[in-house]
>>> print(open('structure09.cif').read())   # mmCIF, C-alpha atoms
data_run
#
loop_
_atom_site.label_atom_id
_atom_site.label_comp_id
_atom_site.auth_asym_id
_atom_site.auth_seq_id
_atom_site.Cartn_x
_atom_site.Cartn_y
_atom_site.Cartn_z
CA MET A 25 -118.82 82.25 204.54
CA GLU A 26 -121.66 82.41 202.04
CA ILE A 27 -124.15 79.88 200.69
CA LYS A 28 -121.93 79.32 197.62
CA ASP A 29 -119.25 78.02 200.00
CA LEU A 30 -121.71 75.38 201.17
CA TYR A 31 -122.36 74.25 197.59
CA ARG A 32 -118.60 74.07 196.96
CA GLU A 33 -117.95 71.97 200.07
CA VAL A 34 -120.81 69.61 199.30
CA LYS A 35 -119.76 69.28 195.67
CA SER A 36 -116.25 68.23 196.68
CA LEU A 37 -117.56 65.25 198.66
CA PRO A 38 -116.96 61.90 196.89
CA ILE A 39 -120.16 61.37 194.94
CA ALA A 40 -120.32 57.66 195.78
CA ASN A 41 -120.47 58.58 199.48
CA VAL A 42 -123.34 60.98 198.85
CA LEU A 43 -125.48 58.70 196.69
CA SER A 44 -124.87 55.54 198.74
CA ARG A 45 -126.91 57.02 201.60
CA TYR A 46 -129.96 56.91 199.34
CA VAL A 47 -129.45 53.99 196.95
CA ALA A 48 -127.43 50.77 196.76
CA LEU A 49 -124.48 51.18 194.38
CA HIS A 50 -123.24 48.35 192.17
CA LYS A 51 -119.48 48.43 191.61
CA ARG A 52 -118.23 48.12 188.05
CA ALA A 53 -114.82 48.67 186.44
CA GLY A 54 -113.97 52.25 187.34
CA HIS A 55 -117.54 53.32 188.07
CA TYR A 56 -120.83 52.45 189.77
CA GLU A 57 -124.26 51.65 188.36
CA ILE A 58 -127.84 51.67 189.67
CA LEU A 59 -131.29 51.46 188.18
CA CYS A 60 -132.25 55.03 187.38
CA PRO A 61 -134.77 56.31 189.97
CA PHE A 62 -135.97 59.06 187.61
CA HIS A 63 -137.60 56.87 184.95
CA ASN A 64 -138.96 53.34 184.67
CA ASP A 65 -135.52 51.77 184.40
CA LYS A 66 -135.46 47.96 184.25
CA LYS A 67 -131.90 47.21 183.21
CA MET A 68 -128.51 48.23 184.54
CA GLY A 69 -126.18 50.22 182.34
CA SER A 70 -127.88 53.52 181.56
CA PHE A 71 -127.29 55.18 184.97
CA VAL A 72 -123.54 55.60 185.57
CA ILE A 73 -121.76 57.15 188.54
CA ARG A 74 -118.18 58.17 187.77
CA PRO A 75 -116.09 58.83 190.90
CA GLY A 76 -113.30 60.32 188.79
CA LYS A 77 -115.61 63.05 187.48
CA ASN A 78 -117.61 63.26 190.71
CA ARG A 79 -120.72 63.12 188.53
CA TRP A 80 -123.64 60.88 187.64
CA ASP A 81 -125.49 60.59 184.34
CA CYS A 82 -128.44 58.62 183.00
CA TYR A 83 -127.95 58.13 179.29
CA CYS A 84 -131.56 57.04 178.88
CA CYS A 85 -133.63 59.84 180.41
CA GLY A 86 -130.91 62.51 180.11
CA GLU A 87 -130.71 63.52 183.77
CA GLY A 88 -127.29 64.13 185.28
CA GLY A 89 -125.31 66.23 187.69
CA ASP A 90 -123.56 66.22 191.04
CA GLY A 91 -124.65 64.90 194.42
CA THR A 92 -126.77 67.93 195.22
CA GLU A 93 -128.75 67.59 192.01
CA PHE A 94 -129.32 63.87 192.66
CA VAL A 95 -130.74 64.44 196.14
CA SER A 96 -132.80 67.39 194.90
CA LEU A 97 -134.39 65.31 192.13
CA LEU A 98 -134.80 62.17 194.25
CA LEU A 99 -136.48 63.90 197.21
CA LYS A 100 -138.13 66.59 195.07
CA ILE A 101 -136.70 69.42 197.15
CA PRO A 102 -134.85 72.60 196.08
CA ARG A 103 -131.09 72.36 195.52
CA ARG A 104 -130.50 74.65 198.49
CA GLU A 105 -132.33 72.27 200.84
CA ALA A 106 -130.56 69.27 199.28
CA ALA A 107 -127.14 70.87 199.86
CA ILE A 108 -128.02 71.62 203.48
CA GLN A 109 -129.21 68.08 204.04
CA ILE A 110 -126.06 66.55 202.52
CA ALA A 111 -123.79 68.84 204.52
CA GLU A 112 -125.61 67.87 207.72
CA GLU A 113 -125.47 64.15 206.91
CA HIS A 114 -121.73 64.26 206.25
CA LYS A 115 -121.02 66.32 209.38
CA LEU A 116 -119.82 69.39 207.48
CA ILE A 117 -122.19 71.51 209.56
CA ASP A 118 -124.02 70.95 212.82
CA ILE A 119 -127.79 70.88 213.39
CA GLN A 120 -127.92 74.51 214.53
CA THR A 121 -126.11 75.74 211.41
CA ALA A 122 -128.38 73.65 209.18
CA GLU A 123 -131.46 75.18 210.77
CA ALA A 124 -130.01 78.68 210.44
CA LEU A 125 -129.42 78.03 206.73
CA ARG A 126 -132.98 76.84 206.29
CA GLN A 127 -134.11 80.09 207.89
CA GLY A 128 -132.06 82.03 205.35
CA ASP A 129 -129.16 83.04 207.61
CA ALA A 130 -125.91 82.10 205.86
CA ARG A 131 -123.68 84.60 207.65
CA LYS A 132 -122.32 82.27 210.32
CA ILE A 133 -121.50 79.11 208.43
CA VAL A 134 -118.54 77.35 209.99
CA PHE A 135 -117.54 74.05 208.45
CA ARG A 136 -116.32 71.29 210.69
CA PRO A 137 -112.84 69.86 210.07
CA ARG A 138 -112.87 66.82 207.85
CA THR A 139 -111.61 63.49 209.06
CA VAL A 140 -110.46 62.59 205.52
CA ALA A 141 -108.43 64.89 203.27
CA LYS A 142 -110.09 66.24 200.15
CA LYS A 143 -109.49 64.16 197.07
CA TYR A 144 -110.36 66.86 194.57
CA SER A 145 -109.24 70.40 193.92
CA PRO A 146 -110.92 72.82 191.49
CA ASN A 147 -109.10 73.85 188.34
CA ARG A 148 -108.42 77.57 188.08
CA LYS A 149 -109.66 79.19 184.90
CA ARG A 150 -107.30 81.16 182.66
CA ASP A 151 -106.90 84.94 182.86
CA ALA A 152 -109.47 87.30 181.32
CA LYS A 153 -107.30 88.29 178.33
CA HIS A 154 -106.74 84.68 177.31
CA LEU A 155 -110.43 83.88 177.73
CA GLU A 156 -111.45 86.78 175.49
CA LYS A 157 -109.04 85.69 172.75
CA VAL A 158 -110.28 82.10 172.83
CA TYR A 159 -113.94 83.15 172.86
CA THR A 160 -113.35 85.64 170.04
CA ALA A 161 -111.79 82.86 167.94
CA PHE A 162 -114.63 80.49 168.87
CA VAL A 163 -117.28 82.97 167.68
CA ALA A 164 -115.41 83.75 164.46
CA ALA A 165 -115.01 80.04 163.67
CA SER A 166 -118.71 79.45 164.38
CA GLY A 167 -120.01 82.03 161.94
CA GLU A 168 -123.12 84.19 161.77
CA VAL A 169 -126.53 82.91 162.80
CA SER A 170 -128.51 80.88 160.29
CA ASP A 171 -131.30 82.47 158.24
CA ALA A 172 -133.90 80.84 160.50
CA HIS A 173 -132.26 82.17 163.65
CA ARG A 174 -131.77 85.60 162.08
CA MET A 175 -135.47 85.75 161.26
CA TYR A 176 -136.36 84.69 164.82
CA LEU A 177 -134.09 87.30 166.40
CA SER A 178 -135.26 90.16 164.20
CA THR A 179 -139.00 89.46 164.02
CA VAL A 180 -139.87 87.60 167.22
CA ARG A 181 -137.33 89.08 169.63
CA GLU A 182 -136.80 92.43 167.86
CA ILE A 183 -133.11 92.66 168.67
CA ARG A 184 -132.06 94.62 165.59
CA GLY A 185 -128.83 96.48 166.36
CA TRP A 186 -127.40 93.71 168.53
CA GLU A 187 -126.65 91.22 165.74
CA LYS A 188 -122.94 91.21 166.61
CA ASP A 189 -123.74 89.59 169.95
CA PHE A 190 -125.23 86.45 168.40
CA PHE A 191 -123.72 83.56 166.41
CA GLU A 192 -124.60 80.05 165.25
CA TRP A 193 -123.65 77.43 167.84
CA PRO A 194 -121.20 74.93 166.32
CA SER A 195 -120.85 71.17 166.80
CA PRO A 196 -117.77 69.72 168.55
CA TYR A 197 -117.98 66.68 166.27
CA GLN A 198 -117.25 68.55 163.03
CA SER A 199 -113.57 68.50 162.11
CA GLY A 200 -114.10 71.54 159.91
CA PHE A 201 -114.96 73.65 162.94
CA TRP A 202 -111.75 72.71 164.77
CA LYS A 203 -109.68 73.61 161.70
CA ARG A 204 -111.34 77.04 161.48
CA PHE A 205 -110.97 77.48 165.22
CA ALA A 206 -107.21 76.77 165.02
CA LEU A 207 -106.81 79.42 162.31
CA GLU A 208 -108.80 81.99 164.29
CA LEU A 209 -106.73 81.29 167.42
CA LYS A 210 -103.58 82.15 165.46
CA LYS A 211 -105.21 85.42 164.33
CA GLU A 212 -105.67 86.21 168.02
CA GLY A 213 -101.99 85.60 168.65
CA ILE A 214 -102.34 82.17 170.26
CA MET A 215 -99.73 79.96 168.62
CA THR A 216 -100.08 76.87 170.81
CA SER A 217 -102.13 73.81 169.90
CA VAL A 218 -105.91 73.99 170.19
CA VAL A 219 -105.88 71.60 173.13
CA ARG A 220 -103.37 73.75 175.00
CA ALA A 221 -105.27 76.93 174.13
CA ILE A 222 -108.61 75.68 175.53
CA GLN A 223 -107.13 74.09 178.65
CA TYR A 224 -108.85 75.55 181.74
CA VAL A 225 -111.06 77.77 179.57
CA PRO A 226 -114.66 77.51 180.87
CA GLY A 227 -116.83 75.67 178.38
CA PHE A 228 -114.14 73.36 177.03
CA SER A 229 -112.79 70.04 178.23
CA PHE A 230 -110.64 67.21 176.96
CA SER A 231 -112.01 63.68 176.84
CA ILE A 232 -109.46 61.14 178.03
CA GLU A 233 -111.60 58.29 176.67
CA SER A 234 -111.76 59.55 173.07
CA MET A 235 -108.61 61.71 173.23
CA ARG A 236 -110.31 64.74 171.74
CA PRO A 237 -111.42 68.23 172.84
CA TYR A 238 -115.07 68.78 173.59
CA PHE A 239 -117.66 71.47 174.36
CA LEU A 240 -121.44 71.60 174.79
CA SER A 241 -123.14 69.87 171.88
CA SER A 242 -126.51 71.36 170.98
CA LYS A 243 -128.23 73.27 168.20
CA GLY A 244 -129.13 76.82 169.03
CA ILE A 245 -128.13 80.46 169.19
CA GLY A 246 -124.80 81.46 170.67
CA ILE A 247 -124.80 84.63 172.76
CA ILE A 248 -121.82 86.86 173.56
CA LEU A 249 -121.62 88.36 177.06
CA ARG A 250 -119.70 91.60 177.52
CA ASP A 251 -118.26 93.58 180.41
CA GLU A 252 -118.78 97.29 180.97
CA ASP A 253 -116.03 98.13 178.44
CA GLY A 254 -117.49 95.91 175.73
CA HIS A 255 -114.92 93.12 176.05
CA ILE A 256 -116.12 89.52 175.76
CA SER A 257 -116.52 88.12 179.27
CA GLY A 258 -118.21 84.81 178.42
CA LEU A 259 -120.64 82.96 176.18
CA GLN A 260 -124.12 81.48 176.48
CA LEU A 261 -126.19 79.05 174.46
CA ARG A 262 -129.91 79.29 173.90
CA PRO A 263 -130.87 75.78 172.71
CA ASP A 264 -133.55 75.44 170.06
CA THR A 265 -135.19 72.51 171.87
CA ASP A 266 -135.47 74.08 175.33
CA LYS A 267 -139.17 74.87 175.69
CA ASP A 268 -138.50 77.29 178.57
CA GLY A 269 -135.99 79.24 176.52
CA LYS A 270 -133.34 78.96 179.23
CA TYR A 271 -129.83 80.21 178.74
CA LYS A 272 -126.93 77.79 179.27
CA LEU A 273 -123.72 79.43 180.44
CA PHE A 274 -120.65 78.25 178.54
CA SER A 275 -118.93 76.49 181.41
CA SER A 276 -117.32 73.14 182.10
CA SER A 277 -118.01 73.14 185.83
CA TRP A 278 -118.85 69.44 185.57
CA ALA A 279 -115.14 68.86 184.83
CA GLU A 280 -113.64 71.50 187.12
CA LEU A 281 -112.68 69.10 189.91
CA ASN A 282 -109.21 67.75 189.37
CA ASP A 283 -108.39 64.31 190.77
CA ILE A 284 -105.21 64.91 192.73
CA GLU A 285 -104.03 61.39 191.98
CA LYS A 286 -104.56 61.91 188.22
CA PRO A 287 -103.81 65.61 187.57
CA SER A 288 -104.04 65.29 183.78
CA SER A 289 -107.51 63.72 183.81
CA PHE A 290 -109.53 66.93 183.64
CA ASP A 291 -109.13 70.12 181.68
CA GLY A 292 -112.43 71.80 182.52
CA ALA A 293 -113.06 74.92 184.56
CA SER A 294 -116.12 76.63 185.98
CA ALA A 295 -117.19 79.99 184.56
CA GLN A 296 -118.75 80.77 187.97
CA GLN A 297 -120.64 84.03 187.38
CA VAL A 298 -120.06 86.08 184.22
CA ILE A 299 -120.92 89.75 183.95
CA ASP A 300 -123.00 90.99 181.00
CA ILE A 301 -123.61 94.73 180.67
CA LEU A 302 -125.90 96.32 178.07
CA TYR A 303 -126.17 100.02 177.24
CA PRO A 304 -128.85 102.00 175.36
CA PRO A 305 -128.36 101.56 171.59
CA ASP A 306 -126.48 104.08 169.43
CA GLY A 307 -124.99 105.84 172.45
CA GLY A 308 -128.40 106.87 173.72
CA GLU A 309 -128.94 108.66 177.02
CA ILE A 310 -128.76 106.47 180.13
CA ARG A 311 -131.85 107.18 182.22
CA GLY A 312 -131.53 104.47 184.85
CA ALA A 313 -130.01 101.17 185.97
CA ALA A 314 -131.72 97.78 185.86
CA ILE A 315 -131.09 94.12 186.62
CA THR A 316 -132.85 91.30 184.79
CA GLU A 317 -132.36 87.67 183.84
CA GLY A 318 -131.19 86.99 180.29
CA LYS A 319 -129.89 88.80 177.21
CA PHE A 320 -133.23 89.11 175.40
CA LYS A 321 -134.80 90.87 178.39
CA GLY A 322 -131.71 93.02 178.85
CA ILE A 323 -131.91 94.25 175.25
CA GLN A 324 -135.50 95.41 175.64
CA LEU A 325 -134.62 97.28 178.84
CA ALA A 326 -131.60 98.87 177.17
CA LYS A 327 -133.96 100.20 174.52
CA MET A 328 -135.85 101.94 177.34
CA GLY A 329 -132.69 103.84 178.32
CA TYR A 330 -131.33 101.56 181.03
CA VAL A 331 -127.80 100.40 181.64
CA VAL A 332 -128.54 96.74 182.35
CA LEU A 333 -126.91 93.93 184.27
CA SER A 334 -128.12 90.70 182.64
CA ILE A 335 -127.62 87.75 184.98
CA ASN A 336 -127.62 84.06 184.07
CA GLY A 337 -130.10 83.18 186.83
CA VAL A 338 -131.85 84.89 189.72
CA ASN A 339 -129.13 83.70 192.12
CA CYS A 340 -126.18 84.47 189.83
CA TRP A 341 -125.19 87.96 190.94
CA GLN A 342 -123.15 87.75 194.17
CA MET A 343 -119.76 87.73 192.43
CA ILE A 344 -120.53 90.42 189.85
CA LEU A 345 -122.86 92.82 191.65
CA SER A 346 -120.03 94.99 193.03
CA GLN A 347 -118.83 95.70 189.47
CA PHE A 348 -122.29 96.78 188.43
CA VAL A 349 -122.79 98.91 191.55
CA SER A 350 -119.50 100.69 190.87
CA LEU A 351 -120.62 101.40 187.31
CA VAL A 352 -124.00 102.71 188.49
CA LYS A 353 -122.30 105.10 190.91
CA ARG A 354 -119.81 106.30 188.29
CA LEU A 355 -122.79 107.10 186.07
CA GLN A 356 -124.21 109.11 189.00
CA LEU A 357 -127.39 107.06 189.21
CA ASP A 358 -129.03 106.64 192.61
CA ALA A 359 -131.38 103.68 192.09
CA VAL A 360 -131.56 100.20 190.59
CA HIS A 361 -134.75 98.72 189.14
CA ILE A 362 -135.20 94.94 189.37
CA TYR A 363 -137.10 93.20 186.56
CA PHE A 364 -137.61 89.58 187.59
CA ASP A 365 -140.35 87.46 186.02
CA ALA A 366 -144.02 88.07 186.78
CA ASP A 367 -144.31 84.84 188.79
CA MET A 368 -141.90 86.09 191.46
CA GLU A 369 -144.59 85.87 194.14
CA GLU A 370 -145.27 82.22 193.29
CA LYS A 371 -141.75 80.73 193.48
CA LEU A 372 -139.83 80.54 196.74
CA GLY A 373 -136.40 80.50 195.11
CA VAL A 374 -137.12 83.64 193.10
CA ALA A 375 -138.65 85.45 196.08
CA GLU A 376 -135.61 84.59 198.22
CA ALA A 377 -133.22 85.72 195.49
CA ALA A 378 -135.12 89.00 195.13
CA THR A 379 -134.89 89.58 198.88
CA GLU A 380 -131.15 88.94 199.01
CA LEU A 381 -130.54 91.12 195.95
CA PHE A 382 -132.53 93.95 197.51
CA LYS A 383 -130.44 93.76 200.70
CA ALA A 384 -127.16 93.69 198.79
CA ILE A 385 -128.00 96.73 196.64
CA SER A 386 -129.43 98.69 199.56
CA ALA A 387 -126.23 98.08 201.53
CA ASN A 388 -124.44 100.09 198.83
CA ASP A 389 -126.56 103.20 199.47
CA LEU A 390 -128.69 102.79 196.36
CA ASP A 391 -132.47 102.86 196.22
CA VAL A 392 -134.16 99.71 194.95
CA TYR A 393 -137.45 99.40 193.07
CA PHE A 394 -139.21 96.27 191.83
CA VAL A 395 -141.04 96.63 188.53
CA LEU A 396 -144.17 94.46 188.28
CA TRP A 397 -146.90 93.66 185.78
CA PRO A 398 -149.82 91.22 185.45
CA LYS A 399 -148.56 87.75 184.49
CA VAL A 400 -151.27 87.41 181.84
CA LEU A 401 -149.42 90.07 179.81
CA GLY A 402 -146.24 88.00 179.70
CA LYS A 403 -144.02 86.09 182.08
CA GLY A 404 -140.81 87.94 181.20
CA ILE A 405 -140.35 91.67 180.77
CA ASP A 406 -139.35 91.15 177.12
CA ASP A 407 -142.61 89.31 176.37
CA MET A 408 -144.56 92.01 178.14
CA LEU A 409 -142.88 94.90 176.32
CA LEU A 410 -143.02 93.22 172.91
CA SER A 411 -146.76 92.73 173.42
CA GLY A 412 -147.09 96.51 173.66
CA HIS A 413 -148.10 96.80 177.33
CA ARG A 414 -145.42 99.11 178.67
CA GLU A 415 -148.05 101.36 180.24
CA LYS A 416 -149.08 98.46 182.53
CA LEU A 417 -145.77 98.45 184.42
CA ARG A 418 -146.02 99.17 188.15
CA MET A 419 -143.09 100.29 190.27
CA LYS A 420 -142.84 99.30 193.94
CA ARG A 421 -140.32 100.53 196.50
CA GLY A 422 -137.99 97.74 197.47
CA ALA A 423 -138.56 97.81 201.23
CA SER A 424 -142.35 97.75 201.02
CA TYR A 425 -142.37 95.02 198.38
CA ILE A 426 -140.02 92.80 200.39
CA LYS A 427 -142.37 93.09 203.38
CA LYS A 428 -145.10 91.77 201.09
CA LEU A 429 -142.93 88.81 200.11
CA GLU A 430 -141.87 87.87 203.66
CA PRO A 431 -145.08 86.02 204.69
CA PHE A 432 -145.00 84.00 201.48
CA ILE A 433 -141.32 83.10 202.00
CA GLU A 434 -141.87 82.04 205.62
CA GLU A 435 -144.85 79.85 204.75
CA GLU A 436 -143.02 78.16 201.87
CA ARG A 437 -139.99 77.50 204.07
CA ARG A 438 -142.25 75.97 206.71
CA LYS A 439 -143.70 73.63 204.07
CA GLN A 440 -140.19 72.71 202.93
CA ARG A 441 -139.05 71.88 206.46
CA GLU A 442 -142.10 69.72 207.02
CA TYR A 443 -141.64 67.95 203.72
CA ALA A 444 -137.91 67.40 204.40
CA LYS A 445 -138.72 65.78 207.75
CA GLN A 446 -141.24 63.46 206.13
CA MET A 447 -138.81 62.50 203.40
CA GLN A 448 -136.03 61.90 205.91
CA GLN A 449 -138.26 59.47 207.78
CA GLN A 450 -139.09 57.63 204.56
CA ARG A 451 -135.53 57.62 203.22
CA VAL A 452 -134.22 54.71 205.28
CA ILE A 453 -137.20 52.54 204.36
CA SER A 454 -136.93 53.45 200.66
CA SER A 455 -133.17 52.85 200.63
CA LYS A 456 -133.54 49.39 202.15
CA ALA A 457 -136.31 48.47 199.71
CA PHE A 458 -134.27 49.72 196.75
CA ALA A 459 -131.17 47.80 197.91
CA TYR A 460 -133.23 44.61 198.23
CA ASN A 461 -134.83 44.95 194.78
CA THR A 462 -131.57 45.71 192.95
CA SER A 463 -129.57 42.98 194.65
CA LYS A 464 -132.23 40.23 194.42
CA PRO A 465 -130.94 37.44 192.13
CA THR A 466 -132.86 36.68 188.96
CA GLU A 467 -134.26 33.14 188.84
CA ASP A 468 -133.22 31.01 185.91
CA LYS A 469 -136.03 30.09 183.56
CA LEU A 470 -137.03 26.43 183.55
CA ASN A 471 -136.44 24.61 180.31
#
>>> encode(input="structure09.cif", output="structure tokens")
Amino acid sequence: MEIKDLYREVKSLPIANVLSRYVALHKRAGHYEILCPFHNDKKMGSFVIRPGKNRWDCYCCGEGGDGTEFVSLLLKIPRREAAIQIAEEHKLIDIQTAEALRQGDARKIVFRPRTVAKKYSPNRKRDAKHLEKVYTAFVAASGEVSDAHRMYLSTVREIRGWEKDFFEWPSPYQSGFWKRFALELKKEGIMTSVVRAIQYVPGFSFSIESMRPYFLSSKGIGIILRDEDGHISGLQLRPDTDKDGKYKLFSSSWAELNDIEKPSSFDGASAQQVIDILYPPDGGEIRGAAITEGKFKGIQLAKMGYVVLSINGVNCWQMILSQFVSLVKRLQLDAVHIYFDADMEEKLGVAEAATELFKAISANDLDVYFVLWPKVLGKGIDDMLLSGHREKLRMKRGASYIKKLEPFIEEERRKQREYAKQMQQQRVISSKAFAYNTSKPTEDKLN
């Protein structure tokens, strides 16, 4: 099994069981509440834990997620370490397996049998043809990017020639959008209701509380992802308010777990990993193959003559790499160039992802090179190229560069293990103190 299997097993644990090991839960009608540990919360009600959705949310500070994300934020440790810790606490893995995972060896994960049957099962997403029709209708109903976004894309990001891959992100609260969407679905040959059409399509869900369909609500630029044949494989959103410029994959993984006792409660599905392939513009000559993170970076590399695999995150390639490798070999290319951000040697997660990606590509008899540049010239390859510093790029052979990363990775892992031990020792004390403070009765004021 692979590390993604660990995340899946941990995510399927009842969230109340996971969180109750760290904080005292207060039972309410159909959910639990606590004082939010991530901001100066003084009143119950903003932090809600919903067992039916296997999710928690704070409607005050905006944090939310599954059990892994809660432990990661609470203990200030990476999600990987949080997942390992939860799995060990709930006896999904033994101590030896946990230590092997912390050392980076995920090849021999064997999960222990559960004493209680799983309560949740993941929804299966619809087939690729249906997804493409729904996404095509969604884009058409959304419309072209606004003048402000068009100016940003053409002048700041210089993506002229790729306009067809961008659209204005709509709002799920506008009835006009749903009417246009219904018409576009019919043009794609989908004659069912909108609710039926979007059922189990990643990105969409159906709210039982308000009895209406829903998708990610945010202002920003919609991005179309395409497979090697140019078909729509998925969508992304680049929010206007995200200072880091992160891409949000159009997925409803937060609603993918179906309560077996209430099978109609959830209509979401996880997009998992979506492939996005870019080619040189105007049928230009393909001079090499590259992997990078994000559409904007992929476009700039495509301009350089690369066929590019744009991934949604540095760890989001395991399920789609084989498709890209097959394409690279069909194009008779013998190497893949990796363009991760310039701070790769400063972040453990990125360094680990780069190492695993190098191993996976090398195992397919392809040479691997890492392309580097000074961080002062730009964090991402798109920033660096748009600044006019292409001549500053340095190419390193994969094997020699990974050897350079290994001491950094080992030292950072050692620090993580030490920190995790310290936090584990403090956890019981903190949990007891938190339980006492939240359960302490409030004294009545004297008249």
>>> atom_distance(input="structure09.cif", atom1="atom CA of A:Cys82", atom2="atom CA of A:Phe62")
8.8 Å
>>> residues_around(input="structure09.cif", residues="stretch 394-401 of chain A", least_positions_apart="3", cutoff="7 Å", atoms="all atoms listed in the file", output="VMD selection string")
chain A and resid 361 to 363 366 to 367 408 416 to 422
>>> write_last_selection(input="structure09.cif", atoms="C-alpha atoms", output="tab-separated table (two decimals), in the coordinates of the input")
chain	number	residue	atom	x	y	z
A	361	HIS	CA	-134.75	98.72	189.14
A	362	ILE	CA	-135.20	94.94	189.37
A	363	TYR	CA	-137.10	93.20	186.56
A	366	ALA	CA	-144.02	88.07	186.78
A	367	ASP	CA	-144.31	84.84	188.79
A	408	MET	CA	-144.56	92.01	178.14
A	416	LYS	CA	-149.08	98.46	182.53
A	417	LEU	CA	-145.77	98.45	184.42
A	418	ARG	CA	-146.02	99.17	188.15
A	419	MET	CA	-143.09	100.29	190.27
A	420	LYS	CA	-142.84	99.30	193.94
A	421	ARG	CA	-140.32	100.53	196.50
A	422	GLY	CA	-137.99	97.74	197.47
>>> residues_around(input="structure09.cif", residues="A:Leu240", least_positions_apart="6", cutoff="12 Å", atoms="all atoms listed in the file", output="ChimeraX atom specification")
/A:193-197,226-230,246,259-263,272-278,292
>>> residues_around(input="structure09.cif", residues="A:Met68", least_positions_apart="5", cutoff="7 Å", atoms="all atoms listed in the file", output="list in words")
Glu57, Ile58 and Leu59 of chain A
>>> axis_aligned_box(input="structure09.cif", around="stretch 57-64 of chain A", padding_each_side="4 Å", output="lines of an AutoDock Vina configuration file")
center_x = -131.6
center_y = 55.3
center_z = 187.3
size_x = 22.7
size_y = 15.6
size_z = 13.3
>>> residues_near_point(input="structure09.cif", point="(-127.6, 58.9, 194.9)", cutoff="9 Å", atoms="all atoms listed in the file", output="ChimeraX atom specification")
/A:39-49,58,73,80,91,94-95,98
>>> atom_distance(input="structure09.cif", atom1="atom CA of A:Lys371", atom2="atom CA of A:Glu415")
25.3 Å
>>> resolve_selection(input="structure09.cif", expression="the PyMOL selection byres ((chain A and resi 373) around 12)", output="number ranges by chain")
A: 101-105, 128, 337-339, 364, 367-372, 374-380, 429, 432-434, 436-437, 440
>>> atom_distance(input="structure09.cif", atom1="atom CA of A:Val360", atom2="atom CA of A:Ile310")
12.5 Å
>>> closest_residue(input="structure09.cif", among="A:Ile335, A:Ile426, A:Ile323, A:Met235", to="A:Tyr271", atoms="all atoms listed in the file")
A:Ile335
>>> residues_around(input="structure09.cif", residues="A:Ile222", least_positions_apart="5", cutoff="12 Å", atoms="all atoms listed in the file", output="ChimeraX atom specification")
/A:149-151,154-159,161-162,202,205-206,209,214,216-217,227-230,236-239,275-276,290-293
>>> closest_residue(input="structure09.cif", among="A:Leu381, A:Asp189, A:Ala359, A:Gly167", to="A:Ile301", atoms="all atoms listed in the file")
A:Asp189
>>> residues_around(input="structure09.cif", residues="A:Gly318", least_positions_apart="4", cutoff="7 Å", atoms="all atoms listed in the file", output="ChimeraX atom specification")
/A:322,334-336
>>> write_last_selection(input="structure09.cif", atoms="C-alpha atoms", output="short mmCIF file (atom, residue, chain, number, x, y, z; two decimals), in the frame of the given file")
data_model
loop_
_atom_site.label_atom_id
_atom_site.label_comp_id
_atom_site.auth_asym_id
_atom_site.auth_seq_id
_atom_site.Cartn_x
_atom_site.Cartn_y
_atom_site.Cartn_z
CA GLY A 322 -131.71 93.02 178.85
CA SER A 334 -128.12 90.70 182.64
CA ILE A 335 -127.62 87.75 184.98
CA ASN A 336 -127.62 84.06 184.07
#
>>> closest_residue(input="structure09.cif", among="A:Lys270, A:Ile119, A:Pro75, A:Glu435", to="A:Gly54", atoms="all atoms listed in the file")
A:Pro75
>>> closest_residue(input="structure09.cif", among="A:Val298, A:Val169, A:Val72, A:Val180", to="A:Lys243", atoms="all atoms listed in the file")
A:Val169
